[in-house]
$ cat run27.pdb   # PDB, C-alpha atoms, pLDDT in the B column
MODEL        1
ATOM      1  CA  PHE A  28      93.391  75.460 220.015  1.00 68.00           C
ATOM      2  CA  SER A  29      91.897  76.080 216.599  1.00 66.00           C
ATOM      3  CA  GLY A  30      93.038  72.793 215.078  1.00 67.00           C
ATOM      4  CA  ILE A  31      94.455  74.591 212.094  1.00 63.00           C
ATOM      5  CA  GLY A  32      98.044  73.892 211.110  1.00 56.00           C
ATOM      6  CA  GLU A  33      99.434  76.751 213.141  1.00 56.00           C
ATOM      7  CA  LYS A  34     102.408  78.613 211.740  1.00 46.00           C
ATOM      8  CA  LYS A  35     103.826  79.144 215.223  1.00 58.00           C
ATOM      9  CA  LYS A  36     104.195  76.504 217.875  1.00 65.00           C
ATOM     10  CA  GLU A  37     101.951  76.706 220.922  1.00 68.00           C
ATOM     11  CA  THR A  38     104.835  76.190 223.355  1.00 73.00           C
ATOM     12  CA  HIS A  39     103.149  78.151 226.137  1.00 79.00           C
ATOM     13  CA  ILE A  40     100.648  75.309 226.584  1.00 84.00           C
ATOM     14  CA  ASN A  41     103.101  72.378 226.584  1.00 87.00           C
ATOM     15  CA  GLY A  42     102.008  69.533 228.852  1.00 90.00           C
ATOM     16  CA  ILE A  43      98.304  70.345 228.704  1.00 91.00           C
ATOM     17  CA  ASN A  44      95.973  67.410 228.034  1.00 94.00           C
ATOM     18  CA  PHE A  45      92.796  68.150 226.147  1.00 92.00           C
ATOM     19  CA  ALA A  46      90.004  66.352 224.322  1.00 93.00           C
ATOM     20  CA  ASP A  47      88.891  67.164 220.793  1.00 92.00           C
ATOM     21  CA  ILE A  48      87.289  65.519 217.799  1.00 92.00           C
ATOM     22  CA  PRO A  49      89.184  63.175 215.452  1.00 90.00           C
ATOM     23  CA  TRP A  50      88.478  65.550 212.526  1.00 85.00           C
ATOM     24  CA  ILE A  51      90.788  68.070 214.217  1.00 84.00           C
ATOM     25  CA  LEU A  52      93.340  65.826 215.942  1.00 85.00           C
ATOM     26  CA  ASP A  53      93.848  62.854 213.646  1.00 78.00           C
ATOM     27  CA  LEU A  54      96.096  63.738 210.696  1.00 68.00           C
ATOM     28  CA  SER A  55      94.684  60.859 208.623  1.00 66.00           C
ATOM     29  CA  HIS A  56      91.426  62.820 208.389  1.00 60.00           C
ATOM     30  CA  GLU A  57      93.237  65.638 206.600  1.00 60.00           C
ATOM     31  CA  VAL A  58      93.804  63.394 203.590  1.00 58.00           C
ATOM     32  CA  SER A  59      90.152  62.365 203.299  1.00 69.00           C
ATOM     33  CA  LEU A  60      88.314  63.394 200.131  1.00 73.00           C
ATOM     34  CA  ILE A  61      85.839  65.436 202.167  1.00 73.00           C
ATOM     35  CA  GLN A  62      88.583  67.408 203.922  1.00 71.00           C
ATOM     36  CA  GLN A  63      90.365  67.994 200.615  1.00 71.00           C
ATOM     37  CA  SER A  64      87.164  69.277 199.030  1.00 75.00           C
ATOM     38  CA  LEU A  65      86.400  71.553 201.985  1.00 72.00           C
ATOM     39  CA  ASN A  66      89.945  72.900 202.008  1.00 68.00           C
ATOM     40  CA  ARG A  67      89.739  73.618 198.273  1.00 74.00           C
ATOM     41  CA  ASN A  68      86.519  75.596 198.671  1.00 71.00           C
ATOM     42  CA  TRP A  69      86.950  77.056 202.164  1.00 68.00           C
ATOM     43  CA  SER A  70      90.516  77.431 203.306  1.00 64.00           C
ATOM     44  CA  GLN A  71      91.046  75.668 206.607  1.00 60.00           C
ATOM     45  CA  GLU A  72      93.303  78.524 207.683  1.00 58.00           C
ATOM     46  CA  THR A  73      90.390  80.954 207.558  1.00 57.00           C
ATOM     47  CA  SER A  74      87.457  78.716 208.427  1.00 64.00           C
ATOM     48  CA  GLY A  75      86.160  78.749 211.974  1.00 73.00           C
ATOM     49  CA  TYR A  76      83.582  76.102 211.139  1.00 80.00           C
ATOM     50  CA  ARG A  77      85.709  72.939 210.909  1.00 81.00           C
ATOM     51  CA  ARG A  78      84.050  71.289 213.915  1.00 86.00           C
ATOM     52  CA  LEU A  79      80.627  72.176 212.532  1.00 89.00           C
ATOM     53  CA  TYR A  80      81.493  70.517 209.191  1.00 87.00           C
ATOM     54  CA  ALA A  81      82.430  67.350 211.101  1.00 89.00           C
ATOM     55  CA  LEU A  82      79.138  67.422 213.013  1.00 93.00           C
ATOM     56  CA  GLY A  83      77.202  67.702 209.744  1.00 92.00           C
ATOM     57  CA  ILE A  84      79.113  64.790 208.227  1.00 91.00           C
ATOM     58  CA  ASP A  85      78.425  62.625 211.284  1.00 94.00           C
ATOM     59  CA  SER A  86      74.744  63.588 211.278  1.00 94.00           C
ATOM     60  CA  PHE A  87      74.424  62.435 207.681  1.00 94.00           C
ATOM     61  CA  ARG A  88      76.448  59.233 208.130  1.00 94.00           C
ATOM     62  CA  LEU A  89      74.759  58.303 211.409  1.00 95.00           C
ATOM     63  CA  ILE A  90      71.241  58.014 209.989  1.00 95.00           C
ATOM     64  CA  PRO A  91      71.720  54.529 208.444  1.00 95.00           C
ATOM     65  CA  GLN A  92      73.477  53.358 211.639  1.00 95.00           C
ATOM     66  CA  LEU A  93      70.672  54.256 214.055  1.00 95.00           C
ATOM     67  CA  GLY A  94      68.935  50.868 213.826  1.00 93.00           C
ATOM     68  CA  MET A  95      72.111  48.952 214.614  1.00 94.00           C
ATOM     69  CA  LEU A  96      73.033  51.320 217.441  1.00 94.00           C
ATOM     70  CA  SER A  97      69.606  50.945 219.050  1.00 93.00           C
ATOM     71  CA  LEU A  98      69.518  47.134 218.775  1.00 93.00           C
ATOM     72  CA  GLN A  99      73.124  46.356 219.665  1.00 91.00           C
ATOM     73  CA  LYS A 100      73.845  48.226 222.880  1.00 86.00           C
ATOM     74  CA  GLU A 101      77.614  47.723 222.688  1.00 90.00           C
ATOM     75  CA  SER A 102      77.930  48.882 219.071  1.00 94.00           C
ATOM     76  CA  ARG A 103      79.907  51.999 218.213  1.00 95.00           C
ATOM     77  CA  PHE A 104      80.204  54.241 215.182  1.00 94.00           C
ATOM     78  CA  GLU A 105      83.582  55.871 214.482  1.00 93.00           C
ATOM     79  CA  GLY A 106      82.615  59.365 213.442  1.00 93.00           C
ATOM     80  CA  GLU A 107      84.431  62.561 212.570  1.00 91.00           C
ATOM     81  CA  THR A 108      83.351  64.022 215.930  1.00 93.00           C
ATOM     82  CA  GLY A 109      84.313  60.972 218.003  1.00 94.00           C
ATOM     83  CA  GLN A 110      83.209  57.461 218.812  1.00 95.00           C
ATOM     84  CA  LEU A 111      79.406  57.546 218.780  1.00 96.00           C
ATOM     85  CA  SER A 112      77.032  55.234 220.634  1.00 96.00           C
ATOM     86  CA  MET A 113      73.376  55.287 221.615  1.00 95.00           C
ATOM     87  CA  LEU A 114      72.151  55.548 225.190  1.00 94.00           C
ATOM     88  CA  GLY A 115      69.135  53.606 226.424  1.00 92.00           C
ATOM     89  CA  ASP A 116      66.846  56.606 225.943  1.00 93.00           C
ATOM     90  CA  GLY A 117      67.933  57.059 222.296  1.00 93.00           C
ATOM     91  CA  ARG A 118      70.319  59.971 222.804  1.00 95.00           C
ATOM     92  CA  ILE A 119      73.649  59.852 220.989  1.00 95.00           C
ATOM     93  CA  GLN A 120      76.771  59.926 223.130  1.00 95.00           C
ATOM     94  CA  ARG A 121      80.275  60.580 221.870  1.00 94.00           C
ATOM     95  CA  LYS A 122      83.730  59.854 223.151  1.00 95.00           C
ATOM     96  CA  LEU A 123      86.407  62.342 222.174  1.00 94.00           C
ATOM     97  CA  ARG A 124      90.101  61.726 221.469  1.00 92.00           C
ATOM     98  CA  TRP A 125      92.730  62.879 223.961  1.00 94.00           C
ATOM     99  CA  ALA A 126      95.856  64.758 223.002  1.00 92.00           C
ATOM    100  CA  ARG A 127      98.709  66.442 224.845  1.00 92.00           C
ATOM    101  CA  PHE A 128     100.733  69.445 223.766  1.00 89.00           C
ATOM    102  CA  ILE A 129     104.347  68.373 223.307  1.00 89.00           C
ATOM    103  CA  ASP A 130     106.886  70.760 221.782  1.00 85.00           C
ATOM    104  CA  GLY A 131     104.041  73.137 221.012  1.00 82.00           C
ATOM    105  CA  ARG A 132     102.005  70.664 218.956  1.00 83.00           C
ATOM    106  CA  PRO A 133      99.117  68.345 219.866  1.00 86.00           C
ATOM    107  CA  VAL A 134     100.092  64.669 220.017  1.00 88.00           C
ATOM    108  CA  LEU A 135      97.351  62.034 220.072  1.00 88.00           C
ATOM    109  CA  GLN A 136      97.323  59.883 223.185  1.00 89.00           C
ATOM    110  CA  ASP A 137      96.680  56.147 223.184  1.00 80.00           C
ATOM    111  CA  GLU A 138      92.921  55.539 223.099  1.00 66.00           C
ATOM    112  CA  THR A 139      93.140  53.113 226.005  1.00 58.00           C
ATOM    113  CA  SER A 140      94.865  55.574 228.294  1.00 57.00           C
ATOM    114  CA  THR A 141      93.296  58.480 230.065  1.00 57.00           C
ATOM    115  CA  PRO A 142      95.279  61.612 230.709  1.00 55.00           C
ATOM    116  CA  PRO A 143      96.994  61.803 234.075  1.00 52.00           C
ATOM    117  CA  VAL A 144      95.384  63.925 236.740  1.00 48.00           C
ATOM    118  CA  GLU A 145      97.930  66.324 238.126  1.00 47.00           C
ATOM    119  CA  HIS A 146      97.446  68.336 241.289  1.00 37.00           C
TER     120      HIS A 146
ENDMDL
END

$ encode --input "run27.pdb" --output "structure tokens"
Amino acid sequence: FSGIGEKKKETHINGINFADIPWILDLSHEVSLIQQSLNRNWSQETSGYRRLYALGIDSFRLIPQLGMLSLQKESRFEGETGQLSMLGDGRIQRKLRWARFIDGRPVLQDETSTPPVEH
């Protein structure tokens, strides 16, 4: 799934649960000033770098948060690439958002629920 507003529905993958970054899944991010600027300069329909843009934004925004994340072990930073936290050894961990294809389109799942495991 490219995350780009597809012209055709992806009905062949209905029912599939998948994880992705908020920048791609959460429609409220599409109205952000950064997204609007990127879309003006690099059309989202042709750009294969949308996830990379989000990673760069998080890298920049995370720098001033590093002190808080290292001192307060339960603290989280809501980034464009997911919910970011710091592990005990200083590595950054992220939690992605879950979505499910319904009627050919991704639908965000409740953050407290995990996707069902089907056998």

$ resolve_selection --input "run27.pdb" --expression "the PyMOL selection byres ((chain A and resi 131) around 8)" --output "MDAnalysis selection string"
chainID A and resid 36:41 128:130 132:133

$ residues_near_point --input "run27.pdb" --point "(69.6, 54.3, 214.6)" --cutoff "12 Å" --atoms "all atoms listed in the file" --output "PyMOL selection string"
chain A and resi 86-100+102-104+111-119

$ axis_aligned_box --input "run27.pdb" --around "range 97-112 of chain A" --padding-each-side "3 Å" --output "JSON"
{"center_x": 77.0, "center_y": 55.2, "center_z": 217.7, "size_x": 20.9, "size_y": 23.7, "size_z": 16.3}

$ resolve_selection --input "run27.pdb" --expression "the PyMOL selection byres ((chain A and resi 52) around 8)" --output "PyMOL selection string"
chain A and resi 30+47-51+53-54+124+126+133-135

$ atom_distance --input "run27.pdb" --atom1 "CA of Gln110 in chain A" --atom2 "CA of Phe45 in chain A"
16.1 Å

$ atom_distance --input "run27.pdb" --atom1 "CA of Leu65 in chain A" --atom2 "CA of Asn44 in chain A"
28.1 Å
